[in-house]
Every structure is written in structure tokens, then in C-alpha cells.
Amino acid sequence: MIITDQAYLRADGRKGIRNHIIVAYLVECAHHVAREIMYPYRERGVHLIGFGGCYPNDYAAQMMRTLCTHPNVGGVILLSLGCESFNRTTLREAVAASGRPVETLVIQQSGGTRKTIGQGRRLMEDMLAVVAGVPRVPLAMSEFIVGTVCGGSDATSGITANPGIGRAFDSLVAQNARCIFEETGELIGCEDIMTARAATPDLARILRDSVEKAARYYTVLGHGSFAPGNAEGGLTTMEEKSMGAYAKSGASRISGLLKPGDIPPRGGLYLLDVVPDGEVRFGFPNINDNAEIAELIACGSHVILFSTGRGSVVGSAISPVIKVCANPETYRRMNEDMDVDAGRILEGQASLDEVGREIFDLSLAVARGATTKSEELGHQEFVLTYKSFEPIGPACLPAT
Amino acid sequence: MHDPKLLLLDPADNVLVAIQTLDAGVTVIVSGHSLQVPSRLTLGHKLAARAIRAGEKIFKYRVPIGSATRDIAVGEHVHLHNMKSNYLPTYTLETGQTFSTKHDHH
């Protein structure tokens, strides 16, 4: 099935549903200049991302590389202060190798803030013209990548928005799209049912290991949200609590395990392991919802399905975020920020299947160019912190 | 058939989820039976969709979320007083020392 014939073809063969130019700062010291370059163009598809740290980190370098070569990205302007440890040359070469236009500005070489902003805006005018000429091509369902995340959850999330997203995922996977769910820390207690869905016995073991790693990591950090026995909102057991989040994954077979930056190789459902490997360091795995969204996008997600009960307002740089509101009272209060009113299920106005269908249809509409609420409101949140991962092995992506 | 105020998340489930607050004494329909809610239930709480025997698993989202600790009648509130976890949350028993040991395998 062809979703749209208006996808943006990149020189590396990947296809996007948006045509953004990224301004990327390579250390916090270049953040202001990068933002000033972006700001006049913020309603013309220019987005700001970056890494604030000065110390080197392989994970952050890989995240920046995969994000700057994301299919929704047509061109990149890199902003370096000049003395940070981030390897701007390697990143520039990776973007150039993908066929995307890329420019690097080094503030210390350009003569400071004002001159660099001026140079950046001149480069931007040229790049906008180049990127506007990108060829438009068909995007097949088998090329479409969708990620899901939940944030600002409440008692309604697990009975409306999350299973609604699960049904949308089932429809997408059935039509050979590539779907990604994540946050292994919220799958504690779901290991048995989840591993039973694995494509191979080896993958089942890998999925189980990823959840056990999350449990150990959070235990060391003293993370409190996994304590059993929270009866508020009708929850009884850890299994039930985790199942609410797990419901986003639907019921399809699980085809593989990814780590941030790994692209799902073919149609199917994938678990993204967001918890670092090795000893516990650098603090919490994901400091907020946008850290998870950035990782889903680094895995190639064209669109993010975001479930919220209390009412998160965030969007993201690079890929549109569809907010599925679980709680009907939240929806009425914050409807300008919400794309889907899944809480209708609680008021007898819709079935889970109907909400799932609406989410599925909206995903495709957004791929065809329809804007989400967070896009209309100018949201383009982004955060990237320190982590460390070991590469995935071949058993994580079985060929079956 | 079930009352529209009660949500069956999956046909295989043996519990229904209250999708609005139900006051004690309110009449609801559970599996075709008309019965009164014994005590006030707030949004998100569960009722037995059918009689559940002690030891039987509680299914929500088609998966076991725990087991009945005693017989539960159709329409009864299913909560911590009559069910418990099947899952052994071993990580809550682990200490930092246990983590260090396990880490050696990775």
C-alpha cells in the first residue's frame, strides 16, 4: 500500500514525510547562536537540536549522526563553539555522505556571536532553496516507521489511549509498517507475555534480559515508580500497572530489539531498549519524555504516537507527534493540544476499535502532510544526554 | 452483555473496568445479569465479569495480572482484598550487591 506519493526522497534513498532543516549545536556554548539562526525560520520547517555536553560520548555522537541523517531532514547547519570535544568533522562527513547539504560554523573562527548568526542566516537562505527542490516520491507502508511513548499517564491511560494505540499498531504491522515501542522499565512484570510474542527463542531471551537490565538499573538509582501495591486508580499488581503501558504494543509478533539509532530493517514490531548497558552511570536513563521521543526518532520514526492522561503538551524536533489523550476531562480542558480524544471510550462515545482506527488513519494523514496540534503550536522540544550502549547482536534482529 | 459503564478490554478477560465512578447500590448489567454495585467504585477499578474461583488467574488485556485469593462472585469488586500478584518482583529484593554480581554477566 502506498501512503502518499509526496514523500521527500533523500540522496541516500530514504524517504521523509517532512522536509526540515536542522540547526544543531554541538555544545551548550553554541546553543544561543544556533537558536538565533533558527528562530526567524521556525515556521518554515527549521528545527533546533543539539548536545549540551562538552565531554565526548559515543552514544550522543551516534544520536546526532542518526538524527541529522533522519529521512525527515533535508539539510543541516552545525554550530560549534570551537573548543568542545564533539567531533564536528566526523558528523559533517556523515551528513555529507548521506547526500544532504551540510554547513559547519565555528563561532571562535567566525568572529563571535553576531557574525556567526549573520553567516548562519545567509547559509540558511541558500539551504532552504536547495531543500525545497527535493524530489517527491511514493512512500509505501513497508517504509513507514512509527514510534510510541506515553507520558503524563493517569488511571485512564491504560484503558483508553494505550490499548487504542495498540490497535493502531496491530493495523500498521498487519500492513507491514515498522512499529517501535519502548521503555523497558515500564515492562517489568510483562516479561512472560512479551517474550511469548518473540519471533525466535533467542529474541525471547534478549527481550527478557532487557527488562531485567531495566529493573536492576532502576533499583540502583532508587527509582520509585515501580514499587508494587499502588492501588490508586484501581491498579492492584505490578503486572497490571505495567500492562497499561505494555498495551501500546498491541498484539503483533515482536520482530526484534533495537537500541537508540538502530533502524528497524523491515516491517514488524520492535522493542527499543532505552536503558544503558554496563555499570550504572550518567544518572537516569531517560530524564523526560522527550529523551525517549528523540531515541524513537533516531531509530527512524517518521511519526510518534504519544499517549497522555494528565495532559502533556510536548511535540518534538524532526518528527511530528500525535497526542492521544486518554482522559476525557483532560481533553476538554486542553483540546487545543490534543489530536485524538481516546477518552470518548470512557463516555460510551467510541469503542477501542474505533479509536484505534482513528489513530491509524491520523498517522497516515500526518504522513501525507496533515499537521499535528503540537506542530501547529510550534513545539519542537529536544533533549539529549549522556548514555552508553553496546551494539546489538544479530540475534536481536532475526531474519524470520 | 455488559453495562456500557463497564469496559471489557479483551473478550478473554474475566474482569470489567469501571469507566466512570459507580456509587454503591447503582444497578449495572454484568454478563446479562442485573445486579447492584456493593460499594462505591471509582474510575479504573475492576468488577468480576463472571464467577472466579480461588486460585484462578485474573485476566485483563488478555493477560494474567494476578490470581484470586478467594472465590469472587460475578459483579464483585476485584481488588487487593481478593487477588494478588503472580509475579515475583525479584528486583525489589535485590541489593546493589546483587546488581554488581549480575553485572558481571554483561
# chains A, B, ... in the order shown; residues from 1 in each chain; ligands from 1

$ closest_atom_pairs --of "chain A" --to "chain B" --cutoff "6 Å" --atoms "only C-alpha atoms" --output "tab-separated table"
residue	atom	partner	partner_atom	distance
A:Ala215	CA	B:Tyr91	CA	6.0
A:Val220	CA	B:Gly96	CA	5.9
A:Gly233	CA	B:Gly44	CA	5.3
A:Gly234	CA	B:His45	CA	4.0
A:Thr236	CA	B:Leu80	CA	5.7
A:Thr237	CA	B:Ser85	CA	5.3
A:Glu239	CA	B:Ile65	CA	5.0
A:Glu240	CA	B:Ile65	CA	5.0
A:Leu346	CA	B:Ile19	CA	4.8

$ residues_around --residues "A:Gly75" --least-positions-apart "2" --cutoff "6 Å" --atoms "only C-alpha atoms" --output "number ranges by chain"
A: 21, 73, 100-102

$ select_by_dssp --residues "stretch 37-83 of chain B" --states "strand (DSSP E or B)" --output "JSON, numbers by chain"
{"B": [41, 46, 47, 48, 52, 57, 58, 59, 60, 63, 64, 65, 66, 67, 68, 72, 77, 78, 83]}

$ atom_distance --atom1 "atom CA of A:Phe282" --atom2 "atom CA of A:Lys387"
6.4 Å

$ residues_around --residues "A:Gln109" --least-positions-apart "2" --cutoff "12 Å" --atoms "only C-alpha atoms" --output "list in words"
Leu79, Ser80, Leu81, Gly82, Cys83, Thr104, Leu105, Val106, Ile107, Gly111, Gly112, Thr113, Lys115, Thr116 and Gln119 of chain A

$ write_last_selection --atoms "C-alpha atoms" --output "PDB file, in the first residue's frame"
ATOM      1  CA  LEU A  79      27.139  25.045  15.242  1.00  0.00           C
ATOM      2  CA  SER A  80      30.408  24.547  17.063  1.00  0.00           C
ATOM      3  CA  LEU A  81      31.958  26.855  19.610  1.00  0.00           C
ATOM      4  CA  GLY A  82      35.338  25.539  18.569  1.00  0.00           C
ATOM      5  CA  CYS A  83      36.945  24.032  21.657  1.00  0.00           C
ATOM      6  CA  THR A 104      29.607  23.955   9.724  1.00  0.00           C
ATOM      7  CA  LEU A 105      30.020  27.238  11.582  1.00  0.00           C
ATOM      8  CA  VAL A 106      32.704  27.523  14.259  1.00  0.00           C
ATOM      9  CA  ILE A 107      31.939  30.521  16.414  1.00  0.00           C
ATOM     10  CA  GLY A 111      34.325  36.153  14.868  1.00  0.00           C
ATOM     11  CA  GLY A 112      31.799  35.634  17.626  1.00  0.00           C
ATOM     12  CA  THR A 113      28.067  35.660  18.181  1.00  0.00           C
ATOM     13  CA  LYS A 115      28.952  37.429  12.857  1.00  0.00           C
ATOM     14  CA  THR A 116      28.140  33.743  13.196  1.00  0.00           C
ATOM     15  CA  GLN A 119      26.604  33.843   8.409  1.00  0.00           C
TER      16      GLN A 119
END
